[in-house]
Amino acid sequence: MDLLGKLQAILGTDGVLTEPADCAPFLADHLGRCQGRALGVAQPRSVSEVSQLLALCDAERIGVVPHGGNTGYCGGAIPDESGRQLVVSLRRMNRIRSVDVGNYSLTAEAGCVLAQVQAAAAEAARFFPLSIGSQGSCQIGGNLSTNAGGVNVLRYGMMRDLVLGLEVVLAGGRVLDGLSVLRKDNTGYDLKSLFLGAEGTLGIITAASLKLFPEIRMRATALAAVPDVRAAVTLLTELRAVSGDRVSSFELIPRVAIELTTRHIPGVSDPLPGAYSWYVLCELSSSRAAEPLDAVLEEALGAALEGGTVLDAVVVRSERERTALWKLRESIPPAQRHEGASLKHDISLPIAALADFVERAAGWIGAQVPDGRLVAYGHVGDGNLHFNLSQLPGTDRDRFLARTDSVRRGVHDLVREFGGSFSAEHGIGRTKVGELERYASPVELELMRAVKQALDPHDIMNPGKVLRSR
């Protein structure tokens with residue numbers, strides 16, 4: 001029996017896609033940077049099918065590329081150009097297996113869309129805090145495999161911090177049944193941590209037990225203009241102190257981002273009458289319906305206005321106004337795409353170093369990239385900036401993109417100088433393997449390779465991602 005026949009014997013005749021038109025959506029990333037070829041697209045419906053599938057691929061030495069919602073930025077879900085790898089889509093494994101209200105936990109399969117998990121939590125009067133711009137299409141398996149971040153990391157942590165247990169199928173088909181809902185368990189190595197952020201290179205996550213939190217019953221949201229990044233960091237410190245650490249989101253937005261979104265995205269408007277260099281979108285939240293968060297936020301911003309930390313501010317009064325502010329923030333990436341080519345960097349720094357870094361890096365960009373302008377925005381509450389350059393209108397696109405490698409090197413070297421990371425929340429995938437080799441220590445790389453060898457001796461699990469293929 002040929003390979004297709006063996007796959008169909010496991011998955012059924014409708015469980016394997018081979019027609020070019022059917023496979024095409026799985027072979028290119030949504031940014032258009034990575035394009036691959038594949039033997040086909042496998043679509044298992046159960047853990048048993050994933051187990052049999054990986055046992056077959058291990059025996060046949062066929063590379064396996066796990067595929068979620070295809071919203072990643074580093075090509076981690078795209079096969080290489082050889083045409084000898086098999087894409088495995090988890091979209092049919094999309095059940096919420098259980099919700100334990102009393103234990104504040106939920107078990108979901110990897111193919112569940114993030115918004116589906118959020119809704120299941122809300123139906124149980126609970127809150128699942130992971131929130132990212134692609135939540136209507138990204139899948140939980142991808143969120144786990146990339147250790148997704150988003151706008152609520154400041155208060156709730158990364159995806160890694162929201163996991164109680166995992167179910168994982170290993171390269172030879174063995175199943176790690178670790179769907180624990182325990183909050184305390186000190187029985188040896190924390191094996192689940194190996195697979196969180198591993199981008200499918202050590203096994204395929206098929207389900208997860210996730211932490212839930214009390215339902216959010218009160219929010220206060222504001223957009224504040226600040227004179228510079230240093231003032232934004234100061235405001236964050238002040239807000240955390242006066243609110244009893246109820247700050248859930250604190251997003252930095254430059255003036256250029258407001259200009260881009262209002263120019264290119266319908267329905268986005270400038271919330272303040274004046275034009276300022278920098279803004280922060282901040283949100284307080286509480287599970288207590290009677291919490292006077294608006295008053296707390298207004299008082300804090302009033303004091304900051306008097307002290308010069310804030311130049312102007314608006315506290316929204318309705319959910320419609322709140323939605324409008326968040327639409328502005330979430331529209332920055334598509335607005336950049338409308339404007340032209342971009343050079344993107346997903347970096348993190350110690351919060352205390354953010355202001356000095358932006359000042360140094362902005363000066364370097366101004367001197368080295370005259371045909372680009374800096375669009376630095378992101379989750380300043382946890383030190384994560386999307387440090388991007390947008391092509392200036394009227395400039396040559398190819399010449400601008402030709403600077404990609406030199407700009408990346410300059411930015412990332414400066415990030416290292418300031419004690420930061422070149423990949424804050426987007427992972428490594430296939431596009432940053434060289435960066436990991438440059439910036440990780442020899443000991444770190446040695447340990448990563450040893451783990452990979454131990455769990456995937458034949459290098460079939462997402463080969464060439466995170467670590468270079470052997």
# chains A, B, ... in the order shown; residues from 1 in each chain; ligands from 1
$ select_by_dssp --residues "range 378-465 of chain A" --states "strand (DSSP E)" --output "number ranges by chain"
A: 378-379, 384-391
$ residues_around --residues "range 423-436 of chain A" --least-positions-apart "5" --cutoff "7 Å" --atoms "only C-alpha atoms" --output "list in words"
Gly72, Tyr73, Cys74, Gly75, Gly76, Thr146, Asn147, Ala148, Gly149, Asp346, Ile347, Ser348, Asn384, Gly464, Lys465, Val466, Leu467 and Arg468 of chain A
$ write_last_selection --atoms "C-alpha atoms" --output "PDB file, in the first residue's frame"
ATOM      1  CA  GLY A  72       1.949  33.148  13.048  1.00  0.00           C
ATOM      2  CA  TYR A  73       4.603  35.625  11.939  1.00  0.00           C
ATOM      3  CA  CYS A  74       7.629  33.305  11.641  1.00  0.00           C
ATOM      4  CA  GLY A  75       6.543  30.574   9.227  1.00  0.00           C
ATOM      5  CA  GLY A  76       6.379  27.917  11.937  1.00  0.00           C
ATOM      6  CA  THR A 146       4.130  29.502  20.382  1.00  0.00           C
ATOM      7  CA  ASN A 147       3.558  30.497  24.029  1.00  0.00           C
ATOM      8  CA  ALA A 148       1.293  33.333  22.860  1.00  0.00           C
ATOM      9  CA  GLY A 149       1.255  36.661  24.681  1.00  0.00           C
ATOM     10  CA  ASP A 346       9.197  41.463  17.993  1.00  0.00           C
ATOM     11  CA  ILE A 347      11.414  42.421  20.915  1.00  0.00           C
ATOM     12  CA  SER A 348      11.266  42.570  24.696  1.00  0.00           C
ATOM     13  CA  ASN A 384       7.272  43.831  24.633  1.00  0.00           C
ATOM     14  CA  GLY A 464      13.924  23.038  10.422  1.00  0.00           C
ATOM     15  CA  LYS A 465      11.834  25.087  12.860  1.00  0.00           C
ATOM     16  CA  VAL A 466      13.447  26.550  16.014  1.00  0.00           C
ATOM     17  CA  LEU A 467      16.554  24.377  15.472  1.00  0.00           C
ATOM     18  CA  ARG A 468      18.248  23.743  12.146  1.00  0.00           C
TER      19      ARG A 468
END
$ atom_distance --atom1 "CA of Gly157 in chain A" --atom2 "CA of Lys344 in chain A"
23.3 Å
$ residues_around --residues "Ser51 in chain A" --least-positions-apart "3" --cutoff "8 Å" --atoms "only C-alpha atoms" --output "MDAnalysis selection string"
chainID A and resid 47:48 54:55 169:170 172:175
$ closest_residue --among "A:Ile332, A:Leu154, A:Thr206, A:Ile460" --to "Ile265 in chain A" --atoms "only C-alpha atoms"
A:Ile332
$ residues_around --residues "range 91-108 of chain A" --least-positions-apart "5" --cutoff "10 Å" --atoms "only C-alpha atoms" --output "PDB file with C-alpha atoms, in the first residue's frame"
ATOM      1  CA  GLY A  15      -9.056  12.907   6.136  1.00  0.00           C
ATOM      2  CA  GLN A  43      -6.839  16.124   9.192  1.00  0.00           C
ATOM      3  CA  PRO A  44      -7.144  13.802  12.211  1.00  0.00           C
ATOM      4  CA  ARG A  45     -10.283  13.788  14.358  1.00  0.00           C
ATOM      5  CA  SER A  46      -8.934  12.107  17.504  1.00  0.00           C
ATOM      6  CA  VAL A  47      -5.872  11.506  19.622  1.00  0.00           C
ATOM      7  CA  HIS A  67      -0.796  23.531  11.489  1.00  0.00           C
ATOM      8  CA  GLY A  68      -3.190  25.670  13.529  1.00  0.00           C
ATOM      9  CA  GLY A  69      -4.928  28.874  12.469  1.00  0.00           C
ATOM     10  CA  VAL A 113     -10.346  28.653  18.056  1.00  0.00           C
ATOM     11  CA  LEU A 114      -9.269  30.993  20.855  1.00  0.00           C
ATOM     12  CA  GLN A 116     -14.394  29.633  21.185  1.00  0.00           C
ATOM     13  CA  VAL A 117     -12.485  29.026  24.423  1.00  0.00           C
ATOM     14  CA  ALA A 120     -16.990  28.739  26.726  1.00  0.00           C
ATOM     15  CA  ALA A 121     -15.428  30.375  29.765  1.00  0.00           C
ATOM     16  CA  GLU A 123     -20.855  30.907  29.409  1.00  0.00           C
ATOM     17  CA  ALA A 124     -19.679  29.488  32.729  1.00  0.00           C
ATOM     18  CA  ALA A 125     -19.304  33.005  34.219  1.00  0.00           C
ATOM     19  CA  ARG A 126     -15.538  32.646  34.050  1.00  0.00           C
ATOM     20  CA  PHE A 127     -12.757  34.481  32.195  1.00  0.00           C
ATOM     21  CA  PHE A 128      -9.974  33.138  29.986  1.00  0.00           C
ATOM     22  CA  GLN A 139      -6.186  27.938  17.472  1.00  0.00           C
ATOM     23  CA  ILE A 140      -5.363  26.915  21.016  1.00  0.00           C
ATOM     24  CA  GLY A 141      -2.754  24.421  19.822  1.00  0.00           C
ATOM     25  CA  LEU A 162      -2.375  29.710  31.841  1.00  0.00           C
ATOM     26  CA  VAL A 163      -1.786  25.956  31.442  1.00  0.00           C
ATOM     27  CA  LEU A 164      -2.446  23.251  34.024  1.00  0.00           C
ATOM     28  CA  GLY A 165      -1.886  20.174  31.885  1.00  0.00           C
ATOM     29  CA  LEU A 166      -1.307  18.929  28.341  1.00  0.00           C
ATOM     30  CA  LEU A 179      -4.311  16.647  31.347  1.00  0.00           C
ATOM     31  CA  SER A 180      -4.039  17.375  35.041  1.00  0.00           C
ATOM     32  CA  VAL A 181      -6.109  20.162  36.605  1.00  0.00           C
ATOM     33  CA  LEU A 182      -3.976  20.292  39.748  1.00  0.00           C
ATOM     34  CA  ARG A 183      -2.592  23.621  40.911  1.00  0.00           C
ATOM     35  CA  THR A 206      -3.780  17.676  21.084  1.00  0.00           C
ATOM     36  CA  ALA A 207      -5.507  19.122  24.172  1.00  0.00           C
ATOM     37  CA  ALA A 208      -4.870  21.295  27.195  1.00  0.00           C
ATOM     38  CA  SER A 209      -6.297  21.972  30.637  1.00  0.00           C
ATOM     39  CA  LEU A 210      -6.403  25.747  31.007  1.00  0.00           C
ATOM     40  CA  LYS A 211      -6.758  28.106  33.949  1.00  0.00           C
ATOM     41  CA  LEU A 212      -9.866  30.236  34.237  1.00  0.00           C
ATOM     42  CA  PHE A 213     -10.408  33.334  36.360  1.00  0.00           C
ATOM     43  CA  PRO A 214     -13.379  35.167  37.879  1.00  0.00           C
TER      44      PRO A 214
END
$ residues_around --residues "Ala353 in chain A" --least-positions-apart "3" --cutoff "10 Å" --atoms "only C-alpha atoms" --output "PDB file with N, CA and C atoms, in the first residue's frame"
ATOM      1  N   ARG A 230       9.467  57.421  28.436  1.00  0.00           N
ATOM      2  CA  ARG A 230       9.800  57.434  29.867  1.00  0.00           C
ATOM      3  C   ARG A 230       8.572  57.801  30.692  1.00  0.00           C
ATOM      4  N   VAL A 233       6.254  54.785  31.023  1.00  0.00           N
ATOM      5  CA  VAL A 233       6.698  53.837  32.041  1.00  0.00           C
ATOM      6  C   VAL A 233       6.379  54.373  33.437  1.00  0.00           C
ATOM      7  N   SER A 348      11.624  42.252  23.311  1.00  0.00           N
ATOM      8  CA  SER A 348      11.266  42.570  24.696  1.00  0.00           C
ATOM      9  C   SER A 348      12.500  43.073  25.419  1.00  0.00           C
ATOM     10  N   LEU A 349      12.239  43.949  26.369  1.00  0.00           N
ATOM     11  CA  LEU A 349      13.315  44.580  27.140  1.00  0.00           C
ATOM     12  C   LEU A 349      12.880  44.727  28.586  1.00  0.00           C
ATOM     13  N   PRO A 350      13.838  44.865  29.501  1.00  0.00           N
ATOM     14  CA  PRO A 350      13.448  45.252  30.860  1.00  0.00           C
ATOM     15  C   PRO A 350      12.681  46.571  30.783  1.00  0.00           C
ATOM     16  N   ASP A 356      15.318  54.348  27.195  1.00  0.00           N
ATOM     17  CA  ASP A 356      16.667  54.543  26.664  1.00  0.00           C
ATOM     18  C   ASP A 356      16.854  53.760  25.366  1.00  0.00           C
ATOM     19  N   PHE A 357      16.282  52.553  25.318  1.00  0.00           N
ATOM     20  CA  PHE A 357      16.397  51.772  24.096  1.00  0.00           C
ATOM     21  C   PHE A 357      15.728  52.482  22.927  1.00  0.00           C
ATOM     22  N   VAL A 358      14.495  52.931  23.107  1.00  0.00           N
ATOM     23  CA  VAL A 358      13.769  53.577  22.014  1.00  0.00           C
ATOM     24  C   VAL A 358      14.519  54.810  21.535  1.00  0.00           C
ATOM     25  N   GLY A 383       7.021  44.932  28.716  1.00  0.00           N
ATOM     26  CA  GLY A 383       8.316  45.159  28.068  1.00  0.00           C
ATOM     27  C   GLY A 383       8.398  44.712  26.627  1.00  0.00           C
ATOM     28  N   VAL A 415      19.199  45.365  21.073  1.00  0.00           N
ATOM     29  CA  VAL A 415      18.346  44.694  22.058  1.00  0.00           C
ATOM     30  C   VAL A 415      19.192  43.871  23.015  1.00  0.00           C
ATOM     31  N   PHE A 418      20.937  45.910  25.601  1.00  0.00           N
ATOM     32  CA  PHE A 418      20.070  46.378  26.677  1.00  0.00           C
ATOM     33  C   PHE A 418      19.486  45.232  27.507  1.00  0.00           C
ATOM     34  N   GLY A 419      19.951  44.013  27.297  1.00  0.00           N
ATOM     35  CA  GLY A 419      19.502  42.883  28.107  1.00  0.00           C
ATOM     36  C   GLY A 419      18.151  42.332  27.701  1.00  0.00           C
ATOM     37  N   GLY A 420      17.779  42.488  26.416  1.00  0.00           N
ATOM     38  CA  GLY A 420      16.465  42.057  25.961  1.00  0.00           C
ATOM     39  C   GLY A 420      16.497  40.802  25.118  1.00  0.00           C
TER      40      GLY A 420
END
$ residues_around --residues "Val280 in chain A" --least-positions-apart "3" --cutoff "8 Å" --atoms "only C-alpha atoms" --output "PyMOL selection string"
chain A and resi 223-226+232+250-253
$ write_last_selection --atoms "C-alpha atoms" --output "PDB file, in the first residue's frame"
ATOM      1  CA  LEU A 223      -6.309  56.755  26.135  1.00  0.00           C
ATOM      2  CA  ALA A 224      -3.686  59.113  27.505  1.00  0.00           C
ATOM      3  CA  ALA A 225      -1.195  61.267  25.606  1.00  0.00           C
ATOM      4  CA  VAL A 226       2.286  61.269  27.122  1.00  0.00           C
ATOM      5  CA  ALA A 232       4.608  56.077  29.773  1.00  0.00           C
ATOM      6  CA  PHE A 250      -1.094  48.975  29.085  1.00  0.00           C
ATOM      7  CA  GLU A 251      -0.350  49.532  25.399  1.00  0.00           C
ATOM      8  CA  LEU A 252       2.087  52.040  23.903  1.00  0.00           C
ATOM      9  CA  ILE A 253       0.980  53.738  20.665  1.00  0.00           C
TER      10      ILE A 253
END
$ atom_distance --atom1 "CA of Val407 in chain A" --atom2 "CA of Leu354 in chain A"
18.7 Å
$ select_by_dssp --residues "range 201-443 of chain A" --states "helix (DSSP H, G or I)" --output "compact mmCIF listing (two decimals) with C-alpha atoms, in the first residue's frame"
# COMPACT_ATOMS: atom_id res chain seq x y z
CA VAL A 229 8.25 56.64 26.49
CA ARG A 230 9.80 57.43 29.87
CA ALA A 231 6.57 59.13 30.92
CA ALA A 232 4.61 56.08 29.77
CA VAL A 233 6.70 53.84 32.04
CA THR A 234 6.23 56.28 34.92
CA LEU A 235 2.47 56.28 34.36
CA LEU A 236 2.41 52.49 34.42
CA THR A 237 4.15 52.44 37.79
CA GLU A 238 1.75 55.03 39.20
CA LEU A 239 -1.35 53.23 37.89
CA ARG A 240 -0.30 49.89 39.33
CA ALA A 241 0.23 51.50 42.71
CA VAL A 242 -3.01 53.49 42.97
CA ARG A 255 1.49 59.21 16.79
CA VAL A 256 2.42 57.66 13.45
CA ALA A 257 0.26 54.62 14.27
CA ILE A 258 -2.79 56.81 14.82
CA GLU A 259 -2.12 58.53 11.52
CA LEU A 260 -1.81 55.18 9.72
CA THR A 261 -4.94 53.65 11.23
CA THR A 262 -7.14 56.69 10.67
CA ARG A 263 -5.91 56.90 7.07
CA HIS A 264 -6.30 53.26 6.11
CA LEU A 293 -12.54 51.83 38.56
CA ASP A 294 -13.55 54.88 36.51
CA ALA A 295 -12.99 57.09 39.54
CA VAL A 296 -9.65 55.42 40.29
CA LEU A 297 -8.49 55.88 36.70
CA GLU A 298 -9.70 59.48 36.48
CA GLU A 299 -7.99 60.40 39.74
CA ALA A 300 -4.72 58.79 38.65
CA LEU A 301 -4.78 60.50 35.27
CA GLY A 302 -5.69 63.83 36.88
CA ALA A 303 -2.67 63.61 39.15
CA ALA A 304 -0.49 62.65 36.19
CA LEU A 305 -1.80 65.66 34.23
CA GLU A 306 -0.83 67.97 37.08
CA GLY A 307 2.61 66.38 37.28
CA GLU A 319 -18.60 49.72 25.61
CA ARG A 320 -18.90 51.23 22.14
CA GLU A 321 -16.20 53.79 22.97
CA ARG A 322 -14.04 51.11 24.55
CA THR A 323 -14.37 48.95 21.43
CA ALA A 324 -13.35 51.92 19.29
CA LEU A 325 -10.13 52.41 21.28
CA TRP A 326 -9.21 48.76 21.01
CA LYS A 327 -10.01 48.76 17.30
CA LEU A 328 -7.48 51.57 16.90
CA ARG A 329 -4.82 49.52 18.70
CA GLU A 330 -5.57 46.26 16.88
CA ILE A 332 -2.02 49.02 13.55
CA PRO A 333 -0.66 45.87 11.79
CA PRO A 334 -3.17 45.96 8.89
CA ALA A 335 -2.71 49.73 8.56
CA GLN A 336 1.02 49.18 8.12
CA ARG A 337 0.34 46.64 5.38
CA HIS A 338 -1.85 49.17 3.56
CA GLU A 339 0.89 51.78 3.81
CA ILE A 351 10.73 47.85 31.37
CA ALA A 352 13.21 50.22 33.00
CA ALA A 353 15.31 50.12 29.80
CA LEU A 354 12.51 50.82 27.33
CA ALA A 355 12.90 54.59 27.14
CA ASP A 356 16.67 54.54 26.66
CA PHE A 357 16.40 51.77 24.10
CA VAL A 358 13.77 53.58 22.01
CA GLU A 359 15.84 56.77 22.07
CA ARG A 360 19.01 54.98 20.95
CA ALA A 361 17.30 52.79 18.38
CA ALA A 362 15.23 55.62 16.91
CA GLY A 363 18.41 57.61 16.37
CA TRP A 364 20.06 54.66 14.68
CA ILE A 365 17.02 54.09 12.45
CA GLY A 366 16.90 57.74 11.46
CA ALA A 367 20.53 57.68 10.39
CA GLN A 368 20.55 54.25 8.70
CA VAL A 380 4.84 48.16 27.26
CA GLY A 381 3.32 46.79 30.47
CA ASP A 382 5.40 43.63 30.00
CA ARG A 397 9.99 49.04 -2.16
CA ASP A 398 12.77 46.69 -3.26
CA ARG A 399 15.48 49.02 -2.01
CA PHE A 400 13.69 49.35 1.33
CA LEU A 401 13.30 45.57 1.74
CA THR A 404 16.04 43.76 6.04
CA ASP A 405 19.13 41.88 7.19
CA SER A 406 21.21 44.91 8.15
CA VAL A 407 18.34 46.53 10.04
CA ARG A 408 17.53 43.29 11.84
CA ARG A 409 21.15 42.94 12.89
CA GLY A 410 21.36 46.51 14.14
CA VAL A 411 18.11 46.32 16.11
CA HIS A 412 18.74 42.89 17.59
CA ASP A 413 22.31 43.68 18.58
CA LEU A 414 21.06 46.77 20.38
CA VAL A 415 18.35 44.69 22.06
CA ARG A 416 21.03 42.32 23.33
CA GLU A 417 23.07 45.28 24.60
CA VAL A 433 16.59 30.07 13.34
CA GLY A 434 19.74 32.00 12.54
CA GLU A 435 18.93 34.62 15.16
CA LEU A 436 18.59 31.94 17.83
CA GLU A 437 21.95 30.52 16.83
CA ARG A 438 23.50 33.99 17.05
CA TYR A 439 22.08 35.08 20.41
CA PRO A 442 26.30 27.48 23.49
CA VAL A 443 24.93 25.79 26.62
$ atom_distance --atom1 "CA of Glu109 in chain A" --atom2 "CA of Cys23 in chain A"
22.7 Å
